[in-house]
Amino acid sequence: MNKHLINAGKAAAEILSLLESFIAAGRTGLDINRFIENHVEKYYPGYTLPCKGYGGFPAASCVSINNCIVHGVPDSRIIRNGDLVKVDIVVEMGGWYADSARTYIVGEVPPDVKRLVEVTQKALYVAIAESRPGKRTGDVGYVTQAYVEKEGFSVMRKYCGHGIGQSMHAEPSVPNYGRRGEGPEIKEGMILAVEPMVFMGKHEIKIGPDKWSVLAEDGAMTAHFEHTILVTKGDPVIITA
Ligand code: MF3
Ligand code: CO
């Protein structure tokens with residue numbers, strides 16, 4: 001297994017773990033983004049956060065709050081008790097990329113919001129377990145969608161997980177929805193970013209005024225978890241664990 005990829009994955013996991021205690025009411029998305037940049041600068045020299053500048057994206061990380069499901073631009077809005085904050089980062093080392101995201105619960109949330117977060121995290125592991133040689137990307141999408149809809153929530157259609165490795169985005173696309181037997185075959189050695197994006201309400205989206213933020217159109221809560229994995233003959237290896 002590639003050493004740089006492993007190291008990029010460890011760095012991403014460490015940063016997202018540190019955010020479990022950093023993210024709190026009173027902080028802002030800009031505080032979170034600065035924490036991430038400072039941590040890499042101090043402890044991971046030579047590593048980069050390639051979201052910055054990607055397609056013109058203005059920050060090193062995506063910070064998406066409440067009905068913003070992905071691609072939130074960190075800003076000065078103050079995070080409050082009851083918010084759901086999603087942080088998505090890509091870490092690059094030596095030309096290898098690891099992509100991971102978590103949803104953080106700020107203070108107290110109603111039971112249904114807590115369940116949304118739990119279901120989305122579980123959906124990630126359901127999707128990872130299906131990511132094996134001989135399966136197709138439609139199988140991964142199918143099990144994700146079936147599980148999430150059984151729990152009464154809905155999945156993203158417009159954005160998907162993706163191949164990753166020596167670039168941030170590669171083939172194949174790894175959808176959150178689908179039908180068994182459809183899509184490209186998953187092969188041993190593939191590196192995939194698997195990322196359930198789940199809506200408490202309807203899955204329709206709109207883009208925010210910053211031209212990046214992907215928002216649930218109905219304004220309801222959303223959650224997102226992501227790991228970069230390596231497909232093997234046996235269980236997938238989670239690079240960002
Ligand atoms: N992890 C995100 C994705 O794969 C990163 C997007 S790059 C950004 O979609 F420019 F949107 F930040
Ligand atoms: Co990501």
# chains A, B, ... in the order shown; residues from 1 in each chain; ligands from 1
call {"tool": "closest_atom_pairs", "arguments": {"of": "chain A", "to": "ligand 1", "cutoff": "8 Å", "atoms": "only C-alpha atoms and all ligand atoms", "output": "JSON lines"}}
result
{"residue": "A:Pro50", "atom": "CA", "partner": "ligand 1", "partner_atom_place_in_ligand_line": "7 (S)", "distance": 7.5}
{"residue": "A:Cys51", "atom": "CA", "partner": "ligand 1", "partner_atom_place_in_ligand_line": "12 (F)", "distance": 4.2}
{"residue": "A:Lys52", "atom": "CA", "partner": "ligand 1", "partner_atom_place_in_ligand_line": "10 (F)", "distance": 6.5}
{"residue": "A:Gly53", "atom": "CA", "partner": "ligand 1", "partner_atom_place_in_ligand_line": "10 (F)", "distance": 6.9}
{"residue": "A:Tyr54", "atom": "CA", "partner": "ligand 1", "partner_atom_place_in_ligand_line": "10 (F)", "distance": 4.6}
{"residue": "A:Gly55", "atom": "CA", "partner": "ligand 1", "partner_atom_place_in_ligand_line": "10 (F)", "distance": 6.1}
{"residue": "A:Gly56", "atom": "CA", "partner": "ligand 1", "partner_atom_place_in_ligand_line": "10 (F)", "distance": 7.0}
{"residue": "A:Phe57", "atom": "CA", "partner": "ligand 1", "partner_atom_place_in_ligand_line": "10 (F)", "distance": 4.5}
{"residue": "A:Pro58", "atom": "CA", "partner": "ligand 1", "partner_atom_place_in_ligand_line": "10 (F)", "distance": 7.7}
{"residue": "A:Ala59", "atom": "CA", "partner": "ligand 1", "partner_atom_place_in_ligand_line": "12 (F)", "distance": 7.1}
{"residue": "A:Ala60", "atom": "CA", "partner": "ligand 1", "partner_atom_place_in_ligand_line": "12 (F)", "distance": 7.1}
{"residue": "A:Ser61", "atom": "CA", "partner": "ligand 1", "partner_atom_place_in_ligand_line": "12 (F)", "distance": 6.1}
{"residue": "A:Cys62", "atom": "CA", "partner": "ligand 1", "partner_atom_place_in_ligand_line": "12 (F)", "distance": 5.5}
{"residue": "A:Val70", "atom": "CA", "partner": "ligand 1", "partner_atom_place_in_ligand_line": "9 (O)", "distance": 7.6}
{"residue": "A:His71", "atom": "CA", "partner": "ligand 1", "partner_atom_place_in_ligand_line": "11 (F)", "distance": 5.0}
{"residue": "A:Gly72", "atom": "CA", "partner": "ligand 1", "partner_atom_place_in_ligand_line": "11 (F)", "distance": 8.0}
{"residue": "A:Asp88", "atom": "CA", "partner": "ligand 1", "partner_atom_place_in_ligand_line": "1 (N)", "distance": 5.6}
{"residue": "A:Ile89", "atom": "CA", "partner": "ligand 1", "partner_atom_place_in_ligand_line": "1 (N)", "distance": 5.8}
{"residue": "A:Val90", "atom": "CA", "partner": "ligand 1", "partner_atom_place_in_ligand_line": "1 (N)", "distance": 5.9}
{"residue": "A:Asp99", "atom": "CA", "partner": "ligand 1", "partner_atom_place_in_ligand_line": "1 (N)", "distance": 5.6}
{"residue": "A:Ser100", "atom": "CA", "partner": "ligand 1", "partner_atom_place_in_ligand_line": "1 (N)", "distance": 6.8}
{"residue": "A:Ala101", "atom": "CA", "partner": "ligand 1", "partner_atom_place_in_ligand_line": "1 (N)", "distance": 7.4}
{"residue": "A:Tyr159", "atom": "CA", "partner": "ligand 1", "partner_atom_place_in_ligand_line": "9 (O)", "distance": 7.9}
{"residue": "A:Gly161", "atom": "CA", "partner": "ligand 1", "partner_atom_place_in_ligand_line": "4 (O)", "distance": 7.0}
{"residue": "A:His162", "atom": "CA", "partner": "ligand 1", "partner_atom_place_in_ligand_line": "4 (O)", "distance": 7.3}
{"residue": "A:Met168", "atom": "CA", "partner": "ligand 1", "partner_atom_place_in_ligand_line": "4 (O)", "distance": 6.9}
{"residue": "A:His169", "atom": "CA", "partner": "ligand 1", "partner_atom_place_in_ligand_line": "4 (O)", "distance": 6.7}
{"residue": "A:Ala193", "atom": "CA", "partner": "ligand 1", "partner_atom_place_in_ligand_line": "4 (O)", "distance": 7.7}
{"residue": "A:Trp212", "atom": "CA", "partner": "ligand 1", "partner_atom_place_in_ligand_line": "11 (F)", "distance": 7.3}
call {"tool": "write_last_selection", "arguments": {"atoms": "N, CA, C and O atoms", "output": "compact mmCIF listing (two decimals), in the first residue's frame"}}
result
# COMPACT_ATOMS: atom_id res chain seq x y z
N PRO A 50 -5.74 20.49 -0.70
CA PRO A 50 -5.95 20.92 -2.08
C PRO A 50 -7.36 21.40 -2.42
O PRO A 50 -7.58 21.82 -3.56
N CYS A 51 -8.28 21.40 -1.46
CA CYS A 51 -9.58 22.02 -1.76
C CYS A 51 -9.37 23.49 -2.12
O CYS A 51 -10.08 24.04 -2.97
N LYS A 52 -8.38 24.11 -1.41
CA LYS A 52 -8.13 25.53 -1.65
C LYS A 52 -7.73 25.75 -3.11
O LYS A 52 -6.74 25.21 -3.58
N GLY A 53 -8.54 26.53 -3.79
CA GLY A 53 -8.27 26.82 -5.20
C GLY A 53 -8.87 25.82 -6.17
O GLY A 53 -8.87 26.06 -7.38
N TYR A 54 -9.40 24.72 -5.66
CA TYR A 54 -9.96 23.70 -6.55
C TYR A 54 -11.22 24.24 -7.23
O TYR A 54 -12.22 24.53 -6.56
N GLY A 55 -11.14 24.42 -8.53
CA GLY A 55 -12.27 25.01 -9.26
C GLY A 55 -12.62 26.40 -8.76
O GLY A 55 -13.75 26.85 -8.91
N GLY A 56 -11.66 27.04 -8.07
CA GLY A 56 -11.90 28.36 -7.52
C GLY A 56 -12.45 28.35 -6.10
O GLY A 56 -12.77 29.40 -5.54
N PHE A 57 -12.54 27.15 -5.47
CA PHE A 57 -13.05 27.09 -4.09
C PHE A 57 -12.13 27.92 -3.18
O PHE A 57 -10.90 27.77 -3.24
N PRO A 58 -12.72 28.80 -2.33
CA PRO A 58 -11.89 29.79 -1.64
C PRO A 58 -11.24 29.35 -0.32
O PRO A 58 -10.53 30.15 0.29
N ALA A 59 -11.45 28.12 0.15
CA ALA A 59 -10.93 27.74 1.47
C ALA A 59 -10.28 26.37 1.44
O ALA A 59 -10.44 25.60 0.50
N ALA A 60 -9.57 26.05 2.53
CA ALA A 60 -8.85 24.78 2.64
C ALA A 60 -9.76 23.63 3.02
O ALA A 60 -9.38 22.46 2.92
N SER A 61 -10.96 23.96 3.50
CA SER A 61 -11.90 22.93 3.93
C SER A 61 -13.32 23.36 3.59
O SER A 61 -13.59 24.54 3.39
N CYS A 62 -14.22 22.38 3.55
CA CYS A 62 -15.64 22.68 3.39
C CYS A 62 -16.29 22.59 4.77
O CYS A 62 -16.12 21.58 5.47
N VAL A 70 -23.18 19.87 1.64
CA VAL A 70 -21.75 19.80 1.26
C VAL A 70 -21.31 21.12 0.63
O VAL A 70 -22.13 21.96 0.27
N HIS A 71 -19.99 21.25 0.51
CA HIS A 71 -19.35 22.36 -0.20
C HIS A 71 -19.64 23.72 0.43
O HIS A 71 -19.62 24.75 -0.26
N GLY A 72 -19.89 23.72 1.76
CA GLY A 72 -20.07 24.99 2.44
C GLY A 72 -18.76 25.76 2.48
O GLY A 72 -17.69 25.19 2.70
N ASP A 88 -15.53 18.70 5.70
CA ASP A 88 -15.02 17.81 4.65
C ASP A 88 -13.64 18.30 4.26
O ASP A 88 -13.47 19.48 3.91
N ILE A 89 -12.64 17.42 4.37
CA ILE A 89 -11.28 17.84 4.00
C ILE A 89 -10.62 16.82 3.07
O ILE A 89 -10.91 15.62 3.13
N VAL A 90 -9.76 17.33 2.23
CA VAL A 90 -8.89 16.50 1.41
C VAL A 90 -7.46 16.84 1.84
O VAL A 90 -7.11 18.01 1.93
N ASP A 99 -9.59 11.81 1.32
CA ASP A 99 -10.79 12.66 1.44
C ASP A 99 -11.67 12.09 2.55
O ASP A 99 -11.98 10.89 2.53
N SER A 100 -12.05 12.92 3.50
CA SER A 100 -12.89 12.42 4.59
C SER A 100 -13.76 13.53 5.15
O SER A 100 -13.39 14.70 5.10
N ALA A 101 -14.92 13.15 5.66
CA ALA A 101 -15.85 14.13 6.22
C ALA A 101 -16.58 13.53 7.41
O ALA A 101 -16.78 12.32 7.49
N TYR A 159 -24.93 14.68 -6.32
CA TYR A 159 -23.50 14.56 -6.05
C TYR A 159 -23.23 13.14 -5.59
O TYR A 159 -24.10 12.51 -4.99
N GLY A 161 -20.04 9.99 -4.37
CA GLY A 161 -18.66 9.65 -4.05
C GLY A 161 -17.91 9.42 -5.35
O GLY A 161 -18.49 9.49 -6.44
N HIS A 162 -16.63 9.08 -5.23
CA HIS A 162 -15.78 9.08 -6.42
C HIS A 162 -14.50 8.30 -6.20
O HIS A 162 -14.05 8.13 -5.06
N MET A 168 -7.75 14.16 -7.01
CA MET A 168 -8.83 14.33 -6.03
C MET A 168 -10.10 13.62 -6.49
O MET A 168 -10.85 13.09 -5.67
N HIS A 169 -10.35 13.65 -7.78
CA HIS A 169 -11.55 12.99 -8.32
C HIS A 169 -11.15 12.10 -9.49
O HIS A 169 -10.42 12.54 -10.38
N ALA A 193 -13.61 7.25 -2.60
CA ALA A 193 -14.16 8.12 -1.57
C ALA A 193 -15.66 7.81 -1.50
O ALA A 193 -16.40 8.09 -2.45
N TRP A 212 -21.27 28.02 -4.12
CA TRP A 212 -20.70 26.72 -3.75
C TRP A 212 -21.62 25.89 -2.87
O TRP A 212 -21.81 24.70 -3.11
call {"tool": "residues_around", "arguments": {"residues": "Arg157 (chain A)", "least_positions_apart": "6", "cutoff": "12 Å", "atoms": "only C-alpha atoms", "output": "list of chain:residue names"}}
result
A:Gly141, A:Thr144, A:Gln145, A:Ser173, A:Val174, A:Pro175, A:Asn176, A:Tyr177, A:Gly178, A:Pro196, A:Met197, A:Val198, A:Phe199, A:Lys202, A:His203, A:Glu204, A:Ile205, A:Ala216
call {"tool": "write_last_selection", "arguments": {"atoms": "N, CA, C and O atoms", "output": "PDB file, in the first residue's frame"}}
result
ATOM      1  N   GLY A 141     -24.662   2.034  -4.229  1.00  0.00           N
ATOM      2  CA  GLY A 141     -25.750   3.019  -4.177  1.00  0.00           C
ATOM      3  C   GLY A 141     -27.040   2.390  -3.683  1.00  0.00           C
ATOM      4  O   GLY A 141     -27.752   2.979  -2.851  1.00  0.00           O
ATOM      5  N   THR A 144     -26.992   1.760   0.137  1.00  0.00           N
ATOM      6  CA  THR A 144     -27.030   3.048   0.844  1.00  0.00           C
ATOM      7  C   THR A 144     -28.458   3.597   0.851  1.00  0.00           C
ATOM      8  O   THR A 144     -29.016   3.933   1.898  1.00  0.00           O
ATOM      9  N   GLN A 145     -29.033   3.671  -0.334  1.00  0.00           N
ATOM     10  CA  GLN A 145     -30.390   4.222  -0.479  1.00  0.00           C
ATOM     11  C   GLN A 145     -31.413   3.380   0.287  1.00  0.00           C
ATOM     12  O   GLN A 145     -32.276   3.929   0.996  1.00  0.00           O
ATOM     13  N   SER A 173     -17.627   6.972 -10.463  1.00  0.00           N
ATOM     14  CA  SER A 173     -18.523   7.699  -9.589  1.00  0.00           C
ATOM     15  C   SER A 173     -19.187   6.685  -8.646  1.00  0.00           C
ATOM     16  O   SER A 173     -19.505   5.582  -9.057  1.00  0.00           O
ATOM     17  N   VAL A 174     -19.329   7.052  -7.373  1.00  0.00           N
ATOM     18  CA  VAL A 174     -19.900   6.128  -6.371  1.00  0.00           C
ATOM     19  C   VAL A 174     -21.175   6.750  -5.802  1.00  0.00           C
ATOM     20  O   VAL A 174     -21.125   7.505  -4.825  1.00  0.00           O
ATOM     21  N   PRO A 175     -22.330   6.449  -6.416  1.00  0.00           N
ATOM     22  CA  PRO A 175     -23.572   7.130  -6.021  1.00  0.00           C
ATOM     23  C   PRO A 175     -24.128   6.660  -4.677  1.00  0.00           C
ATOM     24  O   PRO A 175     -23.812   5.578  -4.199  1.00  0.00           O
ATOM     25  N   ASN A 176     -24.966   7.503  -4.105  1.00  0.00           N
ATOM     26  CA  ASN A 176     -25.704   7.197  -2.866  1.00  0.00           C
ATOM     27  C   ASN A 176     -27.031   6.503  -3.161  1.00  0.00           C
ATOM     28  O   ASN A 176     -27.819   6.235  -2.254  1.00  0.00           O
ATOM     29  N   TYR A 177     -27.333   6.283  -4.458  1.00  0.00           N
ATOM     30  CA  TYR A 177     -28.616   5.711  -4.877  1.00  0.00           C
ATOM     31  C   TYR A 177     -28.312   4.757  -6.014  1.00  0.00           C
ATOM     32  O   TYR A 177     -27.221   4.836  -6.616  1.00  0.00           O
ATOM     33  N   GLY A 178     -29.237   3.902  -6.356  1.00  0.00           N
ATOM     34  CA  GLY A 178     -29.019   3.081  -7.544  1.00  0.00           C
ATOM     35  C   GLY A 178     -29.702   1.742  -7.507  1.00  0.00           C
ATOM     36  O   GLY A 178     -30.510   1.464  -6.613  1.00  0.00           O
ATOM     37  N   PRO A 196     -21.959   8.968   1.941  1.00  0.00           N
ATOM     38  CA  PRO A 196     -23.401   9.211   2.033  1.00  0.00           C
ATOM     39  C   PRO A 196     -23.711  10.648   2.456  1.00  0.00           C
ATOM     40  O   PRO A 196     -23.127  11.156   3.416  1.00  0.00           O
ATOM     41  N   MET A 197     -24.603  11.284   1.687  1.00  0.00           N
ATOM     42  CA  MET A 197     -25.117  12.631   1.995  1.00  0.00           C
ATOM     43  C   MET A 197     -26.612  12.441   2.181  1.00  0.00           C
ATOM     44  O   MET A 197     -27.298  12.007   1.258  1.00  0.00           O
ATOM     45  N   VAL A 198     -27.103  12.751   3.379  1.00  0.00           N
ATOM     46  CA  VAL A 198     -28.474  12.357   3.741  1.00  0.00           C
ATOM     47  C   VAL A 198     -29.290  13.570   4.182  1.00  0.00           C
ATOM     48  O   VAL A 198     -28.813  14.417   4.948  1.00  0.00           O
ATOM     49  N   PHE A 199     -30.535  13.606   3.685  1.00  0.00           N
ATOM     50  CA  PHE A 199     -31.477  14.682   3.999  1.00  0.00           C
ATOM     51  C   PHE A 199     -32.523  14.181   4.988  1.00  0.00           C
ATOM     52  O   PHE A 199     -33.088  13.103   4.795  1.00  0.00           O
ATOM     53  N   LYS A 202     -36.714  16.377   2.074  1.00  0.00           N
ATOM     54  CA  LYS A 202     -36.640  16.059   0.644  1.00  0.00           C
ATOM     55  C   LYS A 202     -35.216  16.231   0.119  1.00  0.00           C
ATOM     56  O   LYS A 202     -34.438  17.012   0.656  1.00  0.00           O
ATOM     57  N   HIS A 203     -34.910  15.512  -0.972  1.00  0.00           N
ATOM     58  CA  HIS A 203     -33.541  15.521  -1.479  1.00  0.00           C
ATOM     59  C   HIS A 203     -33.269  16.642  -2.485  1.00  0.00           C
ATOM     60  O   HIS A 203     -32.156  16.769  -2.991  1.00  0.00           O
ATOM     61  N   GLU A 204     -34.292  17.483  -2.757  1.00  0.00           N
ATOM     62  CA  GLU A 204     -34.066  18.575  -3.708  1.00  0.00           C
ATOM     63  C   GLU A 204     -33.075  19.584  -3.136  1.00  0.00           C
ATOM     64  O   GLU A 204     -33.116  19.896  -1.942  1.00  0.00           O
ATOM     65  N   ILE A 205     -32.200  20.082  -4.011  1.00  0.00           N
ATOM     66  CA  ILE A 205     -31.162  21.018  -3.557  1.00  0.00           C
ATOM     67  C   ILE A 205     -31.199  22.319  -4.342  1.00  0.00           C
ATOM     68  O   ILE A 205     -31.791  22.399  -5.424  1.00  0.00           O
ATOM     69  N   ALA A 216     -30.160  21.957   1.190  1.00  0.00           N
ATOM     70  CA  ALA A 216     -31.463  21.304   1.108  1.00  0.00           C
ATOM     71  C   ALA A 216     -32.484  22.398   0.854  1.00  0.00           C
ATOM     72  O   ALA A 216     -32.592  23.354   1.631  1.00  0.00           O
TER      73      ALA A 216
END
call {"tool": "atom_distance", "arguments": {"atom1": "CA of Ala241 (chain A)", "atom2": "CA of Ile229 (chain A)"}}
result
9.0 Å
call {"tool": "residues_around", "arguments": {"residues": "Gly134 (chain A)", "least_positions_apart": "4", "cutoff": "8 Å", "atoms": "only C-alpha atoms", "output": "PyMOL selection string"}}
result
chain A and resi 185-187
call {"tool": "write_last_selection", "arguments": {"atoms": "all heavy atoms", "output": "PDB file, in the first residue's frame"}}
result
ATOM      1  N   GLU A 185     -17.886  -1.963 -12.582  1.00  0.00           N
ATOM      2  CA  GLU A 185     -17.492  -2.977 -11.612  1.00  0.00           C
ATOM      3  C   GLU A 185     -16.433  -2.424 -10.667  1.00  0.00           C
ATOM      4  O   GLU A 185     -15.550  -1.673 -11.080  1.00  0.00           O
ATOM      5  CB  GLU A 185     -16.938  -4.183 -12.375  1.00  0.00           C
ATOM      6  CG  GLU A 185     -16.878  -5.446 -11.575  1.00  0.00           C
ATOM      7  CD  GLU A 185     -16.407  -6.637 -12.419  1.00  0.00           C
ATOM      8  OE1 GLU A 185     -16.808  -6.739 -13.605  1.00  0.00           O
ATOM      9  OE2 GLU A 185     -15.626  -7.441 -11.885  1.00  0.00           O
ATOM     10  N   ILE A 186     -16.522  -2.819  -9.420  1.00  0.00           N
ATOM     11  CA  ILE A 186     -15.523  -2.421  -8.422  1.00  0.00           C
ATOM     12  C   ILE A 186     -14.397  -3.454  -8.465  1.00  0.00           C
ATOM     13  O   ILE A 186     -14.658  -4.659  -8.481  1.00  0.00           O
ATOM     14  CB  ILE A 186     -16.172  -2.315  -7.029  1.00  0.00           C
ATOM     15  CG1 ILE A 186     -17.179  -1.147  -7.057  1.00  0.00           C
ATOM     16  CG2 ILE A 186     -15.122  -2.124  -5.944  1.00  0.00           C
ATOM     17  CD1 ILE A 186     -18.080  -1.071  -5.860  1.00  0.00           C
ATOM     18  N   LYS A 187     -13.164  -2.961  -8.529  1.00  0.00           N
ATOM     19  CA  LYS A 187     -12.023  -3.864  -8.705  1.00  0.00           C
ATOM     20  C   LYS A 187     -11.031  -3.747  -7.552  1.00  0.00           C
ATOM     21  O   LYS A 187     -10.879  -2.681  -6.952  1.00  0.00           O
ATOM     22  CB  LYS A 187     -11.321  -3.537 -10.019  1.00  0.00           C
ATOM     23  CG  LYS A 187     -12.209  -3.759 -11.241  1.00  0.00           C
ATOM     24  CD  LYS A 187     -11.377  -3.910 -12.513  1.00  0.00           C
ATOM     25  CE  LYS A 187     -12.208  -4.472 -13.650  1.00  0.00           C
ATOM     26  NZ  LYS A 187     -13.072  -3.454 -14.284  1.00  0.00           N
TER      27      LYS A 187
END
call {"tool": "residues_around", "arguments": {"residues": "Asn66 (chain A)", "least_positions_apart": "4", "cutoff": "12 Å", "atoms": "only C-alpha atoms", "output": "ChimeraX atom specification"}}
result
/A:70,72,79-87,103-106,109,113,116-117,198-200,213-224
call {"tool": "closest_residue", "arguments": {"among": "A:Glu118, A:Glu171, A:Glu188, A:Glu195", "to": "Val140 (chain A)", "atoms": "only C-alpha atoms"}}
result
A:Glu195
